[in-house]
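Written out below as structure tokens is the structure these notes cover.
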Amino acid sequence: MVAPPGDALLPAGLVRETRTESSPSSGCQWRHVLADAPAIAAAARCYREAGAVLELLTCVDLLAAEGTFRLVYHYRLPGGVRHRVVADVPEATIPPSIEPLFASANWYEREVFDMFGVRFSGHPTMEKLLTAEDEPGHPLRKDFKATVTGLPGGGSDA
Amino acid sequence: MAGTTQRSIDDLAHEARPFVQLAVLDDLLNEARANSLWPLTFGLACCAIEMMAAGASRFDLDRFGSGVFRPSPRQADVMIVAGTISRKMAPVVRALWEQMPAPKWAIAMGGCTIDGGPFKYEGQYAVIEGADKIIPVDVFIPGCPPRPEALINGLLLLKEKVRAGRKFEA
């Protein structure tokens, strides 16, 4: 099945901006900025119907600069074209999970929650993935400060 | 408190010595222990690959008596901590150490177990910066990863330590 061209894949209402990706090292040919957080699920449906694979889901802490977290999704269409889909979510917003559509999002979204604190609604097990269970905080936030050396849950270097 | 005499280090060392001392038999026991240090299979990260290489045929730990890696801490003499200790894994390392019966020794293999290695930076959240933060370590082997010959060198150093009858108590 032939996927529609990059700038015709997502309906206009979902997208704030579409352009060709300028950074060659990303491997992406298209870059879409979604209008709002609920558009994430609708965009994922479009990519699912086009037969895409989710290759990456990550987050950037832009709280200081813009007051939002930027979620970045990489979808790879059959044929090799990659789309980077970007959604800015304000702090404490709960974006929809795309785990029902892309199973690989299960761990990606748990990692984003663990590292940034962004929860996803509709995720079957919205809990930490990588850090120790009794470790508080979200380490990849810019305001996370700790040099931890002892045992988790109360160890600091004596 | 006024009136009590300062006890010297020598007095304390005398009191800490075992009640029954069997001189020659102790030396024999230490010699036996040194030549059959059974390691606990405890590879955590990349250093585990070099530990496996040291246990395999080219470098061969078995000729030093340490070829039988024990899966259970109850049967092991030495814990070779090979690899980065993540914070999630640290209580497990401690639990396994405490399950090992005395006399027991620990080898910290690789940079990560010495001070966190390449993963140490100001504000890091992920690793314990050194195995000696959670268990007492007898031998440190630097390297990233140390070659199998370096692990064998560390094991031979530990053998000397065991032969001399020195170990951490508990």
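Residues in the structure tokens are named by chain (A, B, ... in the order shown) and by number from 1 within that chain; ligands are numbered from 1 in the order shown.
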
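Every chain B residue lying within 8 Å of chain A, based on only C-alpha atoms, is listed here: B:Arg87, B:Lys88, B:Met89, B:Ala90, B:Pro91, B:Glu122, B:Gly123, B:Gln124, B:Tyr125, B:Ala126, B:Val127, B:Ile128, B:Glu129, B:Lys133, B:Ile134.
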
Limited to C-alpha atoms, could you put the picked residues into a file as a CSV table (one decimal), in the first residue's frame?
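File written: again.csv
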```csv
chain,number,residue,atom,x,y,z
B,87,ARG,CA,20.5,2.3,42.0
B,88,LYS,CA,17.8,-0.2,41.3
B,89,MET,CA,20.2,-3.1,41.6
B,90,ALA,CA,22.0,-1.8,44.8
B,91,PRO,CA,19.8,-3.4,47.4
B,122,GLU,CA,27.6,16.0,39.0
B,123,GLY,CA,23.9,15.4,39.4
B,124,GLN,CA,23.8,11.9,38.1
B,125,TYR,CA,20.8,9.9,39.2
B,126,ALA,CA,21.5,6.4,37.9
B,127,VAL,CA,24.4,4.6,39.5
B,128,ILE,CA,26.0,3.9,42.8
B,129,GLU,CA,29.4,5.5,42.6
B,133,LYS,CA,29.6,2.3,49.1
B,134,ILE,CA,27.5,-0.8,49.8
```

Query raised in the report: Could you pull out the alpha helix (DSSP H) residues of segment 24-158 of chain A from DSSP and send them as a PyMOL selection string?
Result: chain A and resi 39-49+105-116

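Closest approach to Ser26 of chain A among A:Tyr73, A:Ala44, A:Val60, A:Pro38 is made by A:Tyr73 (distances from only C-alpha atoms).
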
**Report entry** Residue contacts of Tyr47 of chain A (9 Å, only C-alpha atoms) excluding same-chain residues fewer than 2 positions away, as a VMD selection string
**Finding:** chain A and resid 9 to 10 42 to 45 49 to 54 75 to 77

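Coordinates place atom CA of Asp26 of chain B at a distance of 29.0 Å from atom CA of Ala150 of chain B.
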
Query raised in the report: Within 8 Å of Glu111 of chain A, counting only C-alpha atoms, which residues qualify if same-chain residues fewer than 2 places away don't, as a ChimeraX atom specification?
Result: /A:107-109,113-115,128-130

Restricted to C-alpha atoms, what would the selected residues look like written as a PDB file, in the first residue's frame?
```
ATOM      1  CA  TRP A 107       7.696   1.199  27.582  1.00  0.00           C
ATOM      2  CA  TYR A 108       8.374   4.501  25.829  1.00  0.00           C
ATOM      3  CA  GLU A 109       5.537   6.162  27.707  1.00  0.00           C
ATOM      4  CA  PHE A 113       6.715   9.236  32.909  1.00  0.00           C
ATOM      5  CA  ASP A 114       9.707   8.024  34.899  1.00  0.00           C
ATOM      6  CA  MET A 115      12.070  10.657  33.596  1.00  0.00           C
ATOM      7  CA  LYS A 128       8.061   3.788  36.549  1.00  0.00           C
ATOM      8  CA  LEU A 129      10.289   1.726  34.339  1.00  0.00           C
ATOM      9  CA  LEU A 130      13.961   2.390  34.986  1.00  0.00           C
TER      10      LEU A 130
END
```

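Backbone DSSP over chain B gives strand (DSSP E) for B:Pro39, B:Leu40, B:Val78, B:Met79, B:Ile80, B:Val81, B:Ala82, B:Trp105, B:Ala106, B:Ile107, B:Ala108, B:Met109, B:Val139, B:Phe140, B:Ile141.
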
Output N, CA and C atoms for every residue in the selection just made, as a PDB file, in the first residue's frame.
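Done, and the output landed in out.pdb:
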```pdb
ATOM      1  N   PRO B  39      33.800 -18.160  42.879  1.00  0.00           N
ATOM      2  CA  PRO B  39      33.135 -16.864  42.699  1.00  0.00           C
ATOM      3  C   PRO B  39      31.630 -17.000  42.572  1.00  0.00           C
ATOM      4  N   LEU B  40      30.946 -15.938  42.943  1.00  0.00           N
ATOM      5  CA  LEU B  40      29.512 -15.844  42.687  1.00  0.00           C
ATOM      6  C   LEU B  40      29.352 -15.232  41.303  1.00  0.00           C
ATOM      7  N   VAL B  78      33.767 -15.647  46.965  1.00  0.00           N
ATOM      8  CA  VAL B  78      34.130 -14.295  46.537  1.00  0.00           C
ATOM      9  C   VAL B  78      33.071 -13.769  45.599  1.00  0.00           C
ATOM     10  N   MET B  79      32.670 -12.529  45.826  1.00  0.00           N
ATOM     11  CA  MET B  79      31.721 -11.885  44.931  1.00  0.00           C
ATOM     12  C   MET B  79      32.515 -10.967  44.005  1.00  0.00           C
ATOM     13  N   ILE B  80      32.553 -11.314  42.734  1.00  0.00           N
ATOM     14  CA  ILE B  80      33.221 -10.434  41.769  1.00  0.00           C
ATOM     15  C   ILE B  80      32.146  -9.496  41.231  1.00  0.00           C
ATOM     16  N   VAL B  81      32.136  -8.267  41.688  1.00  0.00           N
ATOM     17  CA  VAL B  81      31.138  -7.308  41.217  1.00  0.00           C
ATOM     18  C   VAL B  81      31.628  -6.783  39.881  1.00  0.00           C
ATOM     19  N   ALA B  82      31.064  -7.321  38.810  1.00  0.00           N
ATOM     20  CA  ALA B  82      31.555  -6.990  37.474  1.00  0.00           C
ATOM     21  C   ALA B  82      30.513  -6.165  36.766  1.00  0.00           C
ATOM     22  N   TRP B 105      34.918 -12.615  50.505  1.00  0.00           N
ATOM     23  CA  TRP B 105      35.689 -11.496  50.006  1.00  0.00           C
ATOM     24  C   TRP B 105      34.961 -10.903  48.818  1.00  0.00           C
ATOM     25  N   ALA B 106      35.344  -9.705  48.423  1.00  0.00           N
ATOM     26  CA  ALA B 106      34.710  -9.063  47.278  1.00  0.00           C
ATOM     27  C   ALA B 106      35.773  -8.429  46.403  1.00  0.00           C
ATOM     28  N   ILE B 107      35.613  -8.621  45.112  1.00  0.00           N
ATOM     29  CA  ILE B 107      36.477  -7.965  44.130  1.00  0.00           C
ATOM     30  C   ILE B 107      35.614  -6.969  43.369  1.00  0.00           C
ATOM     31  N   ALA B 108      36.061  -5.723  43.323  1.00  0.00           N
ATOM     32  CA  ALA B 108      35.360  -4.715  42.533  1.00  0.00           C
ATOM     33  C   ALA B 108      36.055  -4.634  41.189  1.00  0.00           C
ATOM     34  N   MET B 109      35.369  -5.063  40.147  1.00  0.00           N
ATOM     35  CA  MET B 109      35.994  -5.148  38.831  1.00  0.00           C
ATOM     36  C   MET B 109      35.493  -4.023  37.941  1.00  0.00           C
ATOM     37  N   VAL B 139      39.611  -6.102  46.801  1.00  0.00           N
ATOM     38  CA  VAL B 139      40.510  -5.822  45.687  1.00  0.00           C
ATOM     39  C   VAL B 139      39.759  -4.977  44.670  1.00  0.00           C
ATOM     40  N   PHE B 140      40.418  -3.921  44.186  1.00  0.00           N
ATOM     41  CA  PHE B 140      39.851  -3.098  43.115  1.00  0.00           C
ATOM     42  C   PHE B 140      40.640  -3.359  41.848  1.00  0.00           C
ATOM     43  N   ILE B 141      39.946  -3.570  40.752  1.00  0.00           N
ATOM     44  CA  ILE B 141      40.617  -3.792  39.474  1.00  0.00           C
ATOM     45  C   ILE B 141      40.210  -2.681  38.528  1.00  0.00           C
TER      46      ILE B 141
END
```

Query - Shell around Val33 of chain A at 9 Å using only C-alpha atoms, local window under 2 positions removed, as an MDAnalysis selection string - result: chainID A and resid 14:19 31 35:36 84:88

Pull N, CA and C atoms from the residues just selected and write them as a PDB file, in the first residue's frame.
```
ATOM      1  N   LEU A  14      -5.426  18.898  12.741  1.00  0.00           N
ATOM      2  CA  LEU A  14      -4.574  18.390  13.810  1.00  0.00           C
ATOM      3  C   LEU A  14      -3.252  19.128  13.899  1.00  0.00           C
ATOM      4  N   VAL A  15      -2.875  19.702  12.796  1.00  0.00           N
ATOM      5  CA  VAL A  15      -1.488  20.131  12.683  1.00  0.00           C
ATOM      6  C   VAL A  15      -1.405  21.636  12.704  1.00  0.00           C
ATOM      7  N   ARG A  16      -0.453  22.123  13.464  1.00  0.00           N
ATOM      8  CA  ARG A  16      -0.205  23.557  13.448  1.00  0.00           C
ATOM      9  C   ARG A  16       0.773  23.921  12.349  1.00  0.00           C
ATOM     10  N   GLU A  17       1.683  23.016  12.078  1.00  0.00           N
ATOM     11  CA  GLU A  17       2.720  23.354  11.099  1.00  0.00           C
ATOM     12  C   GLU A  17       3.301  22.063  10.548  1.00  0.00           C
ATOM     13  N   THR A  18       3.534  22.034   9.262  1.00  0.00           N
ATOM     14  CA  THR A  18       4.234  20.904   8.644  1.00  0.00           C
ATOM     15  C   THR A  18       5.334  21.458   7.760  1.00  0.00           C
ATOM     16  N   ARG A  19       6.504  20.867   7.904  1.00  0.00           N
ATOM     17  CA  ARG A  19       7.568  21.250   6.985  1.00  0.00           C
ATOM     18  C   ARG A  19       8.522  20.075   6.839  1.00  0.00           C
ATOM     19  N   ARG A  31       8.398  16.972   9.355  1.00  0.00           N
ATOM     20  CA  ARG A  31       8.237  17.381  10.750  1.00  0.00           C
ATOM     21  C   ARG A  31       6.884  18.046  10.891  1.00  0.00           C
ATOM     22  N   ALA A  35      -1.406  20.497  16.923  1.00  0.00           N
ATOM     23  CA  ALA A  35      -2.082  21.670  17.478  1.00  0.00           C
ATOM     24  C   ALA A  35      -2.206  21.579  18.992  1.00  0.00           C
ATOM     25  N   ASP A  36      -2.549  20.398  19.507  1.00  0.00           N
ATOM     26  CA  ASP A  36      -2.725  20.261  20.951  1.00  0.00           C
ATOM     27  C   ASP A  36      -2.511  18.806  21.351  1.00  0.00           C
ATOM     28  N   ARG A  84       8.599  13.059  11.881  1.00  0.00           N
ATOM     29  CA  ARG A  84       8.764  13.474  13.271  1.00  0.00           C
ATOM     30  C   ARG A  84       7.530  14.286  13.637  1.00  0.00           C
ATOM     31  N   VAL A  85       6.845  13.824  14.670  1.00  0.00           N
ATOM     32  CA  VAL A  85       5.620  14.502  15.111  1.00  0.00           C
ATOM     33  C   VAL A  85       5.884  15.072  16.496  1.00  0.00           C
ATOM     34  N   VAL A  86       5.626  16.345  16.633  1.00  0.00           N
ATOM     35  CA  VAL A  86       5.983  17.049  17.861  1.00  0.00           C
ATOM     36  C   VAL A  86       4.724  17.615  18.485  1.00  0.00           C
ATOM     37  N   ALA A  87       4.574  17.427  19.778  1.00  0.00           N
ATOM     38  CA  ALA A  87       3.412  17.988  20.474  1.00  0.00           C
ATOM     39  C   ALA A  87       3.892  18.659  21.748  1.00  0.00           C
ATOM     40  N   ASP A  88       3.482  19.893  21.956  1.00  0.00           N
ATOM     41  CA  ASP A  88       3.851  20.602  23.179  1.00  0.00           C
ATOM     42  C   ASP A  88       2.727  20.470  24.180  1.00  0.00           C
TER      43      ASP A  88
END
```

Name all residues at most 7 Å from segment 118-120 of chain A (count only C-alpha atoms; drop same-chain ones fewer than 2 positions away) and give them as a compact mmCIF listing (two decimals) with all heavy atoms, in the first residue's frame.
```txt
# COMPACT_ATOMS: atom_id res chain seq x y z
N ILE A 94 -2.40 15.74 30.80
CA ILE A 94 -2.25 14.30 30.62
C ILE A 94 -2.59 13.98 29.17
O ILE A 94 -3.76 13.92 28.80
CB ILE A 94 -3.17 13.53 31.59
CG1 ILE A 94 -2.79 13.88 33.02
CG2 ILE A 94 -3.03 12.03 31.35
CD1 ILE A 94 -3.55 13.12 34.05
N PRO A 95 -1.58 13.78 28.31
CA PRO A 95 -1.87 13.46 26.92
C PRO A 95 -2.38 12.03 26.79
O PRO A 95 -2.20 11.22 27.70
CB PRO A 95 -0.50 13.63 26.23
CG PRO A 95 0.49 13.47 27.32
CD PRO A 95 -0.14 13.90 28.59
N PRO A 96 -3.02 11.72 25.66
CA PRO A 96 -3.52 10.35 25.49
C PRO A 96 -2.38 9.40 25.17
O PRO A 96 -1.40 9.75 24.53
CB PRO A 96 -4.48 10.49 24.29
CG PRO A 96 -4.01 11.68 23.56
CD PRO A 96 -3.40 12.61 24.58
N SER A 97 -2.57 8.16 25.64
CA SER A 97 -1.59 7.14 25.33
C SER A 97 -1.86 6.57 23.95
O SER A 97 -3.02 6.42 23.55
CB SER A 97 -1.66 6.02 26.38
OG SER A 97 -0.94 4.90 25.93
N VAL A 112 9.01 7.97 29.68
CA VAL A 112 8.75 9.42 29.72
C VAL A 112 8.16 9.79 31.08
O VAL A 112 8.51 10.81 31.68
CB VAL A 112 7.81 9.83 28.56
CG1 VAL A 112 7.31 11.24 28.76
CG2 VAL A 112 8.54 9.72 27.24
N PHE A 113 7.28 8.94 31.59
CA PHE A 113 6.71 9.24 32.91
C PHE A 113 7.80 9.18 33.98
O PHE A 113 7.88 10.05 34.86
CB PHE A 113 5.60 8.24 33.24
CG PHE A 113 5.18 8.28 34.68
CD1 PHE A 113 4.64 9.44 35.22
CD2 PHE A 113 5.36 7.19 35.50
CE1 PHE A 113 4.28 9.50 36.55
CE2 PHE A 113 4.99 7.24 36.84
CZ PHE A 113 4.46 8.39 37.37
N PHE A 116 10.27 12.30 33.28
CA PHE A 116 9.76 13.68 33.23
C PHE A 116 8.51 13.89 34.06
O PHE A 116 8.16 15.02 34.37
CB PHE A 116 9.45 14.06 31.78
CG PHE A 116 10.67 14.13 30.91
CD1 PHE A 116 11.10 13.03 30.18
CD2 PHE A 116 11.41 15.29 30.83
CE1 PHE A 116 12.23 13.08 29.41
CE2 PHE A 116 12.55 15.36 30.04
CZ PHE A 116 12.96 14.25 29.33
N GLY A 122 -5.02 6.21 29.63
CA GLY A 122 -5.35 5.04 28.84
C GLY A 122 -4.20 4.04 28.74
O GLY A 122 -4.29 3.05 28.02
N HIS A 123 -3.13 4.28 29.47
CA HIS A 123 -2.01 3.34 29.46
C HIS A 123 -2.30 2.23 30.46
O HIS A 123 -2.73 2.49 31.57
CB HIS A 123 -0.73 4.07 29.84
CG HIS A 123 0.52 3.30 29.58
ND1 HIS A 123 0.95 2.29 30.42
CD2 HIS A 123 1.42 3.36 28.59
CE1 HIS A 123 2.06 1.78 29.95
NE2 HIS A 123 2.38 2.40 28.83
```

May I have the residues within 8 Å of segment 44-47 of chain B as an mmCIF file with N, CA and C atoms, in the first residue's frame, using only C-alpha atoms and disregarding those fewer than 5 positions away in the same chain?
```
data_model
loop_
_atom_site.group_PDB
_atom_site.id
_atom_site.type_symbol
_atom_site.label_atom_id
_atom_site.label_comp_id
_atom_site.auth_asym_id
_atom_site.auth_seq_id
_atom_site.Cartn_x
_atom_site.Cartn_y
_atom_site.Cartn_z
ATOM 1 N N VAL B 81 32.136 -8.267 41.688
ATOM 2 C CA VAL B 81 31.138 -7.308 41.217
ATOM 3 C C VAL B 81 31.628 -6.783 39.881
ATOM 4 N N ALA B 82 31.064 -7.321 38.810
ATOM 5 C CA ALA B 82 31.555 -6.990 37.474
ATOM 6 C C ALA B 82 30.513 -6.165 36.766
ATOM 7 N N GLY B 83 30.646 -4.842 36.831
ATOM 8 C CA GLY B 83 29.723 -4.011 36.079
ATOM 9 C C GLY B 83 29.160 -2.885 36.911
ATOM 10 N N THR B 84 28.459 -2.005 36.216
ATOM 11 C CA THR B 84 27.869 -0.838 36.855
ATOM 12 C C THR B 84 26.785 -1.261 37.832
ATOM 13 N N ILE B 85 26.788 -0.665 38.996
ATOM 14 C CA ILE B 85 25.728 -0.923 39.968
ATOM 15 C C ILE B 85 24.705 0.195 39.832
ATOM 16 N N MET B 109 35.369 -5.063 40.147
ATOM 17 C CA MET B 109 35.994 -5.148 38.831
ATOM 18 C C MET B 109 35.493 -4.023 37.941
ATOM 19 N N GLY B 110 36.430 -3.222 37.463
ATOM 20 C CA GLY B 110 36.048 -2.205 36.501
ATOM 21 C C GLY B 110 35.823 -0.851 37.135
ATOM 22 N N CYS B 144 38.250 -0.455 31.892
ATOM 23 C CA CYS B 144 36.910 -0.265 31.369
ATOM 24 C C CYS B 144 36.770 -0.948 30.030
ATOM 25 N N PRO B 145 36.557 -2.236 29.969
ATOM 26 C CA PRO B 145 36.687 -3.151 31.090
ATOM 27 C C PRO B 145 38.121 -3.607 31.270
ATOM 28 N N PRO B 146 38.469 -4.095 32.440
ATOM 29 C CA PRO B 146 39.807 -4.668 32.593
ATOM 30 C C PRO B 146 39.934 -5.925 31.748
#
```

Report summary line: Among B:Pro71, B:Gly43, B:Gly165, B:Gly65, Thr113 of chain B is approached most closely, using only C-alpha atoms, by B:Gly43

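Closest approach to Ala12 of chain A among A:Ala103, A:Pro90, A:Gly27, A:Leu34 is made by A:Leu34 (distances from only C-alpha atoms).
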